[in-house]
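Below is target-v8.cif, which holds mmCIF, C-alpha atoms.
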```cif
data_model
loop_
_atom_site.group_PDB
_atom_site.id
_atom_site.type_symbol
_atom_site.label_atom_id
_atom_site.label_comp_id
_atom_site.auth_asym_id
_atom_site.auth_seq_id
_atom_site.Cartn_x
_atom_site.Cartn_y
_atom_site.Cartn_z
ATOM 1 C CA MET S 1 0.000 0.000 0.000
ATOM 2 C CA ASP S 2 1.296 3.449 -0.905
ATOM 3 C CA THR S 3 0.722 6.429 1.334
ATOM 4 C CA VAL S 4 -0.318 9.720 -0.232
ATOM 5 C CA HIS S 5 0.624 12.926 1.570
ATOM 6 C CA ALA S 6 -1.402 16.024 0.770
ATOM 7 C CA ASP S 7 0.686 19.095 0.040
ATOM 8 C CA ALA S 8 -0.687 22.185 1.822
ATOM 9 C CA GLY S 9 1.989 24.386 0.247
ATOM 10 C CA ASP S 10 2.519 27.631 2.159
ATOM 11 C CA HIS S 11 -0.922 27.492 3.783
ATOM 12 C CA PRO S 12 -0.395 27.853 7.574
ATOM 13 C CA ALA S 13 -1.641 25.141 9.898
ATOM 14 C CA ARG S 14 -3.324 25.660 13.241
ATOM 15 C CA GLU S 15 -2.124 23.302 15.947
ATOM 16 C CA PRO S 16 -2.695 20.676 17.135
ATOM 17 C CA MET S 17 -5.052 19.040 14.621
ATOM 18 C CA ARG S 18 -3.848 18.444 11.091
ATOM 19 C CA GLN S 19 -5.845 15.487 9.902
ATOM 20 C CA GLN S 20 -8.179 14.412 7.151
ATOM 21 C CA GLN S 21 -11.903 14.946 7.733
ATOM 22 C CA GLY S 22 -14.492 13.530 5.368
ATOM 23 C CA MET S 23 -13.998 12.064 1.917
ATOM 24 C CA CYS S 24 -16.034 11.485 -1.207
ATOM 25 C CA ILE S 25 -15.433 9.835 -4.552
ATOM 26 C CA ALA S 26 -16.642 11.369 -7.819
ATOM 27 C CA PRO S 27 -19.448 9.357 -9.449
ATOM 28 C CA ASN S 28 -17.149 8.621 -12.415
ATOM 29 C CA GLY S 29 -14.461 7.307 -10.032
ATOM 30 C CA ARG S 30 -11.771 9.602 -11.453
ATOM 31 C CA CYS S 31 -11.269 11.846 -8.398
ATOM 32 C CA ILE S 32 -11.339 11.711 -4.615
ATOM 33 C CA TYR S 33 -11.942 14.775 -2.456
ATOM 34 C CA THR S 34 -11.126 15.317 1.211
ATOM 35 C CA GLN S 35 -10.684 18.118 3.750
ATOM 36 C CA ALA S 36 -7.898 18.787 6.236
ATOM 37 C CA HIS S 37 -8.472 19.931 9.823
ATOM 38 C CA GLY S 38 -5.974 22.507 10.945
ATOM 39 C CA TYR S 39 -5.257 23.690 7.415
ATOM 40 C CA ASP S 40 -8.879 24.393 6.410
ATOM 41 C CA LEU S 41 -8.114 23.128 2.926
ATOM 42 C CA LEU S 42 -10.072 21.085 0.432
ATOM 43 C CA PHE S 43 -7.914 18.583 -1.494
ATOM 44 C CA ALA S 44 -8.608 17.013 -4.890
ATOM 45 C CA PHE S 45 -6.814 13.854 -5.988
ATOM 46 C CA ALA S 46 -6.933 12.233 -9.433
ATOM 47 C CA VAL S 47 -7.144 8.442 -9.475
ATOM 48 C CA ASP S 48 -4.852 6.708 -11.997
ATOM 49 C CA ALA S 49 -7.208 4.330 -13.839
ATOM 50 C CA ALA S 50 -4.450 1.801 -14.531
ATOM 51 C CA THR S 51 -2.815 1.633 -11.091
ATOM 52 C CA GLY S 52 -5.351 3.150 -8.678
ATOM 53 C CA LEU S 53 -2.655 5.499 -7.349
ATOM 54 C CA LEU S 54 -3.676 8.989 -6.262
ATOM 55 C CA HIS S 55 -2.106 12.210 -7.513
ATOM 56 C CA GLN S 56 -2.930 15.541 -5.850
ATOM 57 C CA ILE S 57 -4.307 18.001 -8.393
ATOM 58 C CA GLN S 58 -5.461 20.809 -6.094
ATOM 59 C CA ALA S 59 -5.416 22.267 -2.580
ATOM 60 C CA LEU S 60 -8.067 24.949 -2.175
ATOM 61 C CA PRO S 61 -8.630 27.147 0.923
ATOM 62 C CA MET S 62 -12.072 26.705 2.477
ATOM 63 C CA GLU S 63 -14.312 29.237 4.147
ATOM 64 C CA GLY S 64 -14.867 28.462 7.808
ATOM 65 C CA GLU S 65 -12.630 26.654 10.254
ATOM 66 C CA TRP S 66 -12.541 22.959 11.103
ATOM 67 C CA PRO S 67 -13.932 21.163 8.044
ATOM 68 C CA ARG S 68 -16.644 18.693 8.867
ATOM 69 C CA SER S 69 -18.107 16.988 5.825
ATOM 70 C CA VAL S 70 -17.781 16.801 2.063
ATOM 71 C CA THR S 71 -20.221 15.334 -0.468
ATOM 72 C CA MET S 72 -20.816 15.463 -4.199
ATOM 73 C CA SER S 73 -24.030 15.994 -6.113
ATOM 74 C CA PRO S 74 -25.247 12.784 -7.765
ATOM 75 C CA ASP S 75 -24.456 14.191 -11.220
ATOM 76 C CA GLY S 76 -20.869 15.030 -10.153
ATOM 77 C CA ARG S 77 -21.160 18.723 -11.059
ATOM 78 C CA PHE S 78 -20.938 20.184 -7.531
ATOM 79 C CA LEU S 79 -19.061 19.487 -4.307
ATOM 80 C CA ILE S 80 -20.575 20.695 -1.032
ATOM 81 C CA THR S 81 -18.599 21.151 2.181
ATOM 82 C CA THR S 82 -19.488 21.966 5.776
ATOM 83 C CA SER S 83 -17.415 23.332 8.643
ATOM 84 C CA LEU S 84 -17.789 23.178 12.404
ATOM 85 C CA GLN S 85 -18.641 26.894 12.307
ATOM 86 C CA GLY S 86 -21.715 26.067 10.227
ATOM 87 C CA VAL S 87 -20.532 27.285 6.818
ATOM 88 C CA ILE S 88 -21.960 25.279 3.907
ATOM 89 C CA ALA S 89 -20.069 26.046 0.685
ATOM 90 C CA VAL S 90 -20.620 24.948 -2.926
ATOM 91 C CA TYR S 91 -17.824 24.286 -5.435
ATOM 92 C CA ALA S 92 -18.168 23.585 -9.146
ATOM 93 C CA VAL S 93 -16.310 20.500 -10.401
ATOM 94 C CA GLY S 94 -14.399 21.016 -13.659
ATOM 95 C CA PRO S 95 -13.936 18.386 -16.386
ATOM 96 C CA ASP S 96 -10.454 17.611 -15.013
ATOM 97 C CA GLY S 97 -11.777 17.240 -11.443
ATOM 98 C CA THR S 98 -10.458 20.570 -10.156
ATOM 99 C CA LEU S 99 -12.761 22.751 -8.077
ATOM 100 C CA ALA S 100 -13.896 26.357 -8.428
ATOM 101 C CA ASP S 101 -15.593 28.183 -5.570
ATOM 102 C CA THR S 102 -19.083 29.232 -6.722
ATOM 103 C CA GLY S 103 -19.460 31.755 -3.903
ATOM 104 C CA HIS S 104 -22.758 30.110 -2.879
ATOM 105 C CA ARG S 105 -23.031 29.818 0.909
ATOM 106 C CA ALA S 106 -25.518 28.801 3.558
ATOM 107 C CA TRP S 107 -25.140 28.590 7.324
ATOM 108 C CA ALA S 108 -26.321 25.966 9.793
ATOM 109 C CA GLN S 109 -25.712 26.414 13.501
ATOM 110 C CA GLY S 110 -22.988 24.119 14.791
ATOM 111 C CA GLY S 111 -21.992 22.642 11.456
ATOM 112 C CA GLY S 112 -22.432 18.987 10.781
ATOM 113 C CA PHE S 113 -22.461 16.322 8.157
ATOM 114 C CA ILE S 114 -24.155 16.589 4.786
ATOM 115 C CA SER S 115 -25.177 14.121 2.111
ATOM 116 C CA PHE S 116 -27.598 13.796 -0.775
ATOM 117 C CA TYR S 117 -30.723 11.721 -0.394
ATOM 118 C CA ARG S 118 -31.116 9.297 -3.277
ATOM 119 C CA PRO S 119 -34.533 7.646 -3.263
ATOM 120 C CA GLN S 120 -34.636 4.049 -4.454
ATOM 121 C CA PRO S 121 -36.916 3.309 -7.432
#
```
Can the structure in the file be given as structure tokens, please?
Amino acid sequence: MDTVHADAGDHPAREPMRQQQGMCIAPNGRCIYTQAHGYDLLFAFAVDAATGLLHQIQALPMEGEWPRSVTMSPDGRFLITTSLQGVIAVYAVGPDGTLADTGHRAWAQGGGFISFYRPQP
């Protein structure tokens, strides 16, 4: 098993927590997204179809401290994140899997986990 280390670049970390929080896989299986406590960053990784290895393609600052949850819309077009401060943020997913902040925000007291409800036929 190979270990993948996310590169936060020059983004400062708050101590003591610097750990992954939440993860989701794109519906097409080409990318994995996760958040990092302490850095308040959202990471995007491309999945090599031949080997399954991950390659970091982006580290994007998040609004709000202490990421909580990350989920993707069923069609794979949007990624939604939450933070412990209650910020819910929406990111557009590009064709290459990179993210762009849409600027759309909502707030929920206390933050929490988020997911999409998919009714069964």
Inset, instruction - Mind checking which residues fall within 9 Å of Ala100 (chain S), counting only C-alpha atoms, ignoring those fewer than 5 positions away in the same chain, and posting them as a PyMOL selection string? - result: chain S and resi 60+90-94
Residues within 7 Å of Thr34 (chain S), please, as a PDB file with C-alpha atoms, keeping the file's coordinate frame. Count only C-alpha atoms; anything in the same chain fewer than 2 positions from it doesn't count.
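Once everything was written out, this is out-v8.pdb:
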```
ATOM      1  CA  GLN S  20      -8.179  14.412   7.151  1.00  0.00           C
ATOM      2  CA  GLN S  21     -11.903  14.946   7.733  1.00  0.00           C
ATOM      3  CA  GLY S  22     -14.492  13.530   5.368  1.00  0.00           C
ATOM      4  CA  MET S  23     -13.998  12.064   1.917  1.00  0.00           C
ATOM      5  CA  CYS S  24     -16.034  11.485  -1.207  1.00  0.00           C
ATOM      6  CA  ILE S  32     -11.339  11.711  -4.615  1.00  0.00           C
ATOM      7  CA  ALA S  36      -7.898  18.787   6.236  1.00  0.00           C
ATOM      8  CA  LEU S  42     -10.072  21.085   0.432  1.00  0.00           C
ATOM      9  CA  PHE S  43      -7.914  18.583  -1.494  1.00  0.00           C
ATOM     10  CA  ALA S  44      -8.608  17.013  -4.890  1.00  0.00           C
ATOM     11  CA  VAL S  70     -17.781  16.801   2.063  1.00  0.00           C
TER      12      VAL S  70
END
```
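Reported to one decimal place, the separation of CA of Asp75 (chain S) from CA of Asp40 (chain S) is 25.6 Å.
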Legend entry - Residues near Thr71 (chain S), cut-off 7 Å, only C-alpha atoms, skip fewer than 6 positions along chain, as number ranges by chain: S: 24, 79-81, 114-115
Inset, instruction - Tell me which of S:Ala106, S:Leu54, S:Leu99, S:Ala46 sits closest to Val87 (chain S), counting only C-alpha atoms. - result: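 Looking at the shortest contact to Val87 (chain S), the residue is S:Ala106.
Nearest to Gly29 (chain S) of all the residues S:Ala59, S:Met72, S:Leu84, S:Leu41 is S:Met72, based on only C-alpha atoms.
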Inset, instruction - Can you work out the spacing between CA of Gly38 (chain S) and CA of Ile25 (chain S) in Å, to one decimal? - result: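 If I compute the distance from CA of Gly38 (chain S) to CA of Ile25 (chain S), I get 22.1 Å.
Taking all atoms listed in the file into account, Ala50 (chain S) lies nearest to S:Arg30 out of the set S:Pro95, S:Ile88, S:Gln120, S:Arg30.
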Inset, instruction - Figure out the distance between CA of Trp66 (chain S) and CA of Asp96 (chain S), please, to one decimal in Å. - result: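 Those two atoms sit 26.7 Å apart.
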Legend entry - Top pick for closest residue to Pro27 (chain S), considering S:Gly76, S:Gly86, S:Gly112, S:Pro61 and counting only C-alpha atoms: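 Under the stated criterion, the closest residue is S:Gly76.
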Inset, instruction - Compare S:Ser69, S:Gln58, S:Asn28, S:Thr51 by their minimum atom-to-atom distance to Gln85 (chain S), counting all atoms listed in the file, and give me the closest one. - result: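 That would be S:Ser69, the residue with the smallest distance to Gln85 (chain S).
Comparing the minimum interatomic distances between Phe78 (chain S) and each of S:Gln56, S:Thr98, S:Gln109, S:Gln19, counting all atoms listed in the file, we find that S:Thr98 sits nearest.
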